[in-house]
Amino acid sequence: MVDMNQKSYDFYKNVLGIGPEILKIAKYAEKNIENVITQIDSTKEYNQLKVINALQENNLSDTHFHGTTGYGYDDRGRDVLDSVFAKVFGSEDALVRHNFVSGTHALYVALSGNLRPGDQLLAVTGKPYDTLDEVIGIRGDAYLSLKNCGVEYKQVDLDVVGNFDYNGIKEAISPKTKMIMIQRSKGYSIRPTLTIAEIGKLIHFIKNINSEIIIMVDNCYGEFVEDREPTEVGADIIVGSLIKNPGGGIAQTGGYIAGKNKFVKRAAERLTSPGLGKKVGASLGFNRQFFQGLFFAPHVVAESLKGAVFCAAIMKKLGYKVFPEVDAFRSDIIQAIEFGDERALILFCQGIQKGSPVDSFVRPEPWEMPGYDAKVIMAAGAFTQGSSIELSADAPIKPPYVAYLQGGLVFESVKIGVLKATQMMVTEGIVNI
Ligand SMILES: *Cc1c(COP(=O)(O)O)cnc(C)c1O
């Protein structure tokens, strides 16, 4: 990261209204995070090499950008896209489709395609992401929930410091256990995110007990943060959303499933139909944006990580607790900040909004969102609706008043948002600097 030059300094001060004392902190923070930034860049370079090599080895060419219509037979672009994703993730196969309406949908397809009545699904990282409650049947009574299709659900929580409960897992595994689900990202909690090394160790442990158990990793928010993916340490299937990391901010919709042939095939038959599987599905005009999104993804993930680290450094300097710590090893793009104060939390989210390229003039307010037990405030101004590889921050309005920041297609956008938020907190007398 280069020092901000005089022209940029003047721009922040005179055009964006950031006070000199805050800019001084920004300079100090950037100096302080130099080593972390270097680490992010070196991981980025490796991932970028992996992606470019996968595109080249698959002889990506202009013809692959032209989509098919109708049944989508012999869609070369679609098939090459699957093959590129498989190569990048070190897996046998992949299913990358615009037909996945979200990450939740891709997860449901991977789960329901690979689980049969009488099977047991075991979650070993505590309760999965909220949107999976109704999929599994923990909440609600959806006709096609896994529970209503005869799939039993069991859960082992992480221990108090966020580590796997190895004994609990061993005890929970039975002959009925067909699949074990691991959620890589901390999601919206302040437990540490699982590293690939930790996931690898856990998979080894499970496979030693029963090598037949299918290991599925919810990889959302994790892609390209480290230089390996869970499929490279033994996961049988990984699942994610294309409007997060691997879409590079270019993909307008979609999701992916990658892993062993057998499991990807079953998921494909669930997405389309038995007998059809991966062989159908018109790609329409989506291939090009998915290839280009993947091409950009390592770079964009690095930009968002730099933003997260910068934000952590500034907020820590202002006296707030940050998760992960500024120089902690990261395995997802989420940065949590604990404000312990409602006003500070709201101002932070409103400030982040001001860094967005879209809707920067909007002031987000807390609202009663369905399904939440407290009001929620959400800052987002994205080119793709709901995309969280783009700059966004959200927070439930309840103690300890934690905001979750993620994304940012370019570092400067996050920087503006964080500095604007800081300025607002200083102007309102909430922080003294
Ligand atoms: C985003 C996310 C999902 C899926 O959410 P969608 O909004 O349906 O894409 C699942 N798990 C985790 C950990 C996530 O971050």
# chains A, B, ... in the order shown; residues from 1 in each chain; ligands from 1
call {"tool": "residues_near_ligand", "arguments": {"ligand": "ligand 1", "cutoff": "7 Å", "atoms": "only C-alpha atoms and all ligand atoms", "output": "JSON, numbers by chain"}}
result
{"A": [102, 103, 104, 105, 129, 131, 183, 184, 185, 186, 187, 218, 219, 220, 221, 241]}
call {"tool": "select_by_dssp", "arguments": {"residues": "range 291-338 of chain A", "states": "helix (DSSP H, G or I)", "output": "JSON, numbers by chain"}}
result
{"A": [291, 292, 293, 294, 295, 296, 297, 298, 299, 300, 301, 302, 303, 304, 305, 306, 307, 308, 309, 310, 311, 312, 313, 314, 315, 316, 317]}
call {"tool": "write_last_selection", "arguments": {"atoms": "N, CA and C atoms", "output": "PDB file, in the first residue's frame"}}
result
ATOM      1  N   PHE A 291     -16.725 -16.283 -15.873  1.00  0.00           N
ATOM      2  CA  PHE A 291     -15.281 -16.421 -16.105  1.00  0.00           C
ATOM      3  C   PHE A 291     -14.554 -15.158 -15.649  1.00  0.00           C
ATOM      4  N   GLN A 292     -15.094 -14.033 -16.028  1.00  0.00           N
ATOM      5  CA  GLN A 292     -14.422 -12.770 -15.686  1.00  0.00           C
ATOM      6  C   GLN A 292     -14.455 -12.536 -14.172  1.00  0.00           C
ATOM      7  N   GLY A 293     -15.577 -12.888 -13.560  1.00  0.00           N
ATOM      8  CA  GLY A 293     -15.691 -12.743 -12.099  1.00  0.00           C
ATOM      9  C   GLY A 293     -14.656 -13.596 -11.384  1.00  0.00           C
ATOM     10  N   LEU A 294     -14.516 -14.839 -11.827  1.00  0.00           N
ATOM     11  CA  LEU A 294     -13.529 -15.730 -11.206  1.00  0.00           C
ATOM     12  C   LEU A 294     -12.117 -15.175 -11.416  1.00  0.00           C
ATOM     13  N   PHE A 295     -11.887 -14.645 -12.599  1.00  0.00           N
ATOM     14  CA  PHE A 295     -10.583 -14.054 -12.907  1.00  0.00           C
ATOM     15  C   PHE A 295     -10.251 -12.928 -11.922  1.00  0.00           C
ATOM     16  N   PHE A 296     -11.231 -12.098 -11.621  1.00  0.00           N
ATOM     17  CA  PHE A 296     -11.018 -10.982 -10.695  1.00  0.00           C
ATOM     18  C   PHE A 296     -11.040 -11.399  -9.225  1.00  0.00           C
ATOM     19  N   ALA A 297     -11.617 -12.543  -8.925  1.00  0.00           N
ATOM     20  CA  ALA A 297     -11.935 -12.879  -7.532  1.00  0.00           C
ATOM     21  C   ALA A 297     -10.757 -12.782  -6.543  1.00  0.00           C
ATOM     22  N   PRO A 298      -9.585 -13.363  -6.846  1.00  0.00           N
ATOM     23  CA  PRO A 298      -8.497 -13.257  -5.859  1.00  0.00           C
ATOM     24  C   PRO A 298      -8.130 -11.795  -5.569  1.00  0.00           C
ATOM     25  N   HIS A 299      -8.136 -10.980  -6.612  1.00  0.00           N
ATOM     26  CA  HIS A 299      -7.811  -9.555  -6.451  1.00  0.00           C
ATOM     27  C   HIS A 299      -8.867  -8.844  -5.610  1.00  0.00           C
ATOM     28  N   VAL A 300     -10.121  -9.099  -5.929  1.00  0.00           N
ATOM     29  CA  VAL A 300     -11.213  -8.411  -5.218  1.00  0.00           C
ATOM     30  C   VAL A 300     -11.271  -8.866  -3.751  1.00  0.00           C
ATOM     31  N   VAL A 301     -11.064 -10.157  -3.526  1.00  0.00           N
ATOM     32  CA  VAL A 301     -11.040 -10.650  -2.141  1.00  0.00           C
ATOM     33  C   VAL A 301      -9.911  -9.948  -1.373  1.00  0.00           C
ATOM     34  N   ALA A 302      -8.766  -9.765  -2.017  1.00  0.00           N
ATOM     35  CA  ALA A 302      -7.644  -9.076  -1.357  1.00  0.00           C
ATOM     36  C   ALA A 302      -8.013  -7.625  -1.043  1.00  0.00           C
ATOM     37  N   GLU A 303      -8.697  -6.954  -1.965  1.00  0.00           N
ATOM     38  CA  GLU A 303      -9.121  -5.569  -1.702  1.00  0.00           C
ATOM     39  C   GLU A 303     -10.032  -5.519  -0.480  1.00  0.00           C
ATOM     40  N   SER A 304     -10.975  -6.437  -0.429  1.00  0.00           N
ATOM     41  CA  SER A 304     -11.916  -6.407   0.692  1.00  0.00           C
ATOM     42  C   SER A 304     -11.199  -6.752   2.007  1.00  0.00           C
ATOM     43  N   LEU A 305     -10.215  -7.650   1.940  1.00  0.00           N
ATOM     44  CA  LEU A 305      -9.446  -7.987   3.158  1.00  0.00           C
ATOM     45  C   LEU A 305      -8.641  -6.785   3.646  1.00  0.00           C
ATOM     46  N   LYS A 306      -8.073  -6.050   2.695  1.00  0.00           N
ATOM     47  CA  LYS A 306      -7.313  -4.847   3.080  1.00  0.00           C
ATOM     48  C   LYS A 306      -8.245  -3.854   3.763  1.00  0.00           C
ATOM     49  N   GLY A 307      -9.445  -3.735   3.226  1.00  0.00           N
ATOM     50  CA  GLY A 307     -10.435  -2.849   3.834  1.00  0.00           C
ATOM     51  C   GLY A 307     -10.780  -3.298   5.245  1.00  0.00           C
ATOM     52  N   ALA A 308     -10.951  -4.598   5.429  1.00  0.00           N
ATOM     53  CA  ALA A 308     -11.308  -5.142   6.745  1.00  0.00           C
ATOM     54  C   ALA A 308     -10.190  -4.863   7.753  1.00  0.00           C
ATOM     55  N   VAL A 309      -8.948  -5.049   7.305  1.00  0.00           N
ATOM     56  CA  VAL A 309      -7.803  -4.847   8.199  1.00  0.00           C
ATOM     57  C   VAL A 309      -7.654  -3.355   8.544  1.00  0.00           C
ATOM     58  N   PHE A 310      -7.833  -2.508   7.556  1.00  0.00           N
ATOM     59  CA  PHE A 310      -7.764  -1.058   7.790  1.00  0.00           C
ATOM     60  C   PHE A 310      -8.850  -0.645   8.792  1.00  0.00           C
ATOM     61  N   CYS A 311     -10.049  -1.137   8.578  1.00  0.00           N
ATOM     62  CA  CYS A 311     -11.155  -0.827   9.476  1.00  0.00           C
ATOM     63  C   CYS A 311     -10.827  -1.278  10.901  1.00  0.00           C
ATOM     64  N   ALA A 312     -10.297  -2.500  11.020  1.00  0.00           N
ATOM     65  CA  ALA A 312      -9.955  -3.020  12.347  1.00  0.00           C
ATOM     66  C   ALA A 312      -8.921  -2.120  13.025  1.00  0.00           C
ATOM     67  N   ALA A 313      -7.933  -1.687  12.250  1.00  0.00           N
ATOM     68  CA  ALA A 313      -6.862  -0.859  12.831  1.00  0.00           C
ATOM     69  C   ALA A 313      -7.410   0.478  13.335  1.00  0.00           C
ATOM     70  N   ILE A 314      -8.281   1.095  12.544  1.00  0.00           N
ATOM     71  CA  ILE A 314      -8.839   2.394  12.950  1.00  0.00           C
ATOM     72  C   ILE A 314      -9.758   2.231  14.165  1.00  0.00           C
ATOM     73  N   MET A 315     -10.637   1.235  14.108  1.00  0.00           N
ATOM     74  CA  MET A 315     -11.603   1.059  15.203  1.00  0.00           C
ATOM     75  C   MET A 315     -10.903   0.671  16.504  1.00  0.00           C
ATOM     76  N   LYS A 316      -9.854  -0.080  16.380  1.00  0.00           N
ATOM     77  CA  LYS A 316      -9.085  -0.448  17.579  1.00  0.00           C
ATOM     78  C   LYS A 316      -8.441   0.799  18.181  1.00  0.00           C
ATOM     79  N   LYS A 317      -7.914   1.623  17.305  1.00  0.00           N
ATOM     80  CA  LYS A 317      -7.289   2.879  17.742  1.00  0.00           C
ATOM     81  C   LYS A 317      -8.320   3.776  18.450  1.00  0.00           C
TER      82      LYS A 317
END
call {"tool": "closest_residue", "arguments": {"among": "A:Cys349, A:Ala344, A:Val402, A:Ala268", "to": "Ala106 in chain A", "atoms": "only C-alpha atoms"}}
result
A:Ala268
call {"tool": "select_by_dssp", "arguments": {"residues": "range 150-387 of chain A", "states": "strand (DSSP E)", "output": "ChimeraX atom specification"}}
result
/A:152-155,177-183,214-218,237-241,255-259,321-323,335-338,376-380
call {"tool": "residues_around", "arguments": {"residues": "Arg363 in chain A", "least_positions_apart": "4", "cutoff": "10 Å", "atoms": "only C-alpha atoms", "output": "PyMOL selection string"}}
result
chain A and resi 347+349-354+359+378-379
call {"tool": "write_last_selection", "arguments": {"atoms": "C-alpha atoms", "output": "mmCIF file, in the first residue's frame"}}
result
data_model
loop_
_atom_site.group_PDB
_atom_site.id
_atom_site.type_symbol
_atom_site.label_atom_id
_atom_site.label_comp_id
_atom_site.auth_asym_id
_atom_site.auth_seq_id
_atom_site.Cartn_x
_atom_site.Cartn_y
_atom_site.Cartn_z
ATOM 1 C CA LEU A 347 -23.126 6.043 13.046
ATOM 2 C CA CYS A 349 -23.077 1.809 9.565
ATOM 3 C CA GLN A 350 -24.257 5.174 8.266
ATOM 4 C CA GLY A 351 -20.644 6.180 7.640
ATOM 5 C CA ILE A 352 -19.881 2.963 5.747
ATOM 6 C CA GLN A 353 -22.836 3.694 3.471
ATOM 7 C CA LYS A 354 -21.083 6.910 2.496
ATOM 8 C CA ASP A 359 -26.652 4.900 -2.929
ATOM 9 C CA MET A 378 -27.842 -2.539 7.108
ATOM 10 C CA ALA A 379 -25.452 -0.427 5.095
#
call {"tool": "closest_residue", "arguments": {"among": "A:Phe164, A:Tyr108, A:Tyr404, A:Tyr28", "to": "Phe348 in chain A", "atoms": "only C-alpha atoms"}}
result
A:Tyr404
call {"tool": "residues_around", "arguments": {"residues": "range 208-213 of chain A", "least_positions_apart": "4", "cutoff": "7 Å", "atoms": "only C-alpha atoms", "output": "ChimeraX atom specification"}}
result
/A:177-180,204
call {"tool": "write_last_selection", "arguments": {"atoms": "N, CA and C atoms", "output": "compact mmCIF listing (two decimals), in the first residue's frame"}}
result
# COMPACT_ATOMS: atom_id res chain seq x y z
N THR A 177 -24.79 -41.76 10.45
CA THR A 177 -24.21 -40.47 10.04
C THR A 177 -23.73 -40.54 8.58
N LYS A 178 -24.47 -39.88 7.72
CA LYS A 178 -24.14 -39.96 6.28
C LYS A 178 -23.28 -38.77 5.87
N MET A 179 -23.60 -37.62 6.46
CA MET A 179 -22.87 -36.42 6.06
C MET A 179 -22.55 -35.56 7.28
N ILE A 180 -21.35 -34.96 7.23
CA ILE A 180 -20.97 -34.01 8.28
C ILE A 180 -20.78 -32.65 7.62
N HIS A 204 -9.50 -35.18 8.69
CA HIS A 204 -8.65 -36.35 8.92
C HIS A 204 -9.19 -37.18 10.09
call {"tool": "atom_distance", "arguments": {"atom1": "CA of Val84 in chain A", "atom2": "CA of Gly240 in chain A"}}
result
15.4 Å
call {"tool": "atom_distance", "arguments": {"atom1": "CA of Asp119 in chain A", "atom2": "CA of Asn148 in chain A"}}
result
12.2 Å
call {"tool": "closest_residue", "arguments": {"among": "A:Asn35, A:Asn167, A:Asn53, A:Thr231", "to": "Ile257 in chain A", "atoms": "only C-alpha atoms"}}
result
A:Thr231
call {"tool": "residues_around", "arguments": {"residues": "Val431 in chain A", "least_positions_apart": "3", "cutoff": "7 Å", "atoms": "only C-alpha atoms", "output": "PyMOL selection string"}}
result
chain A and resi 318+425-426
call {"tool": "atom_distance", "arguments": {"atom1": "CA of Thr422 in chain A", "atom2": "CA of Val225 in chain A"}}
result
26.7 Å
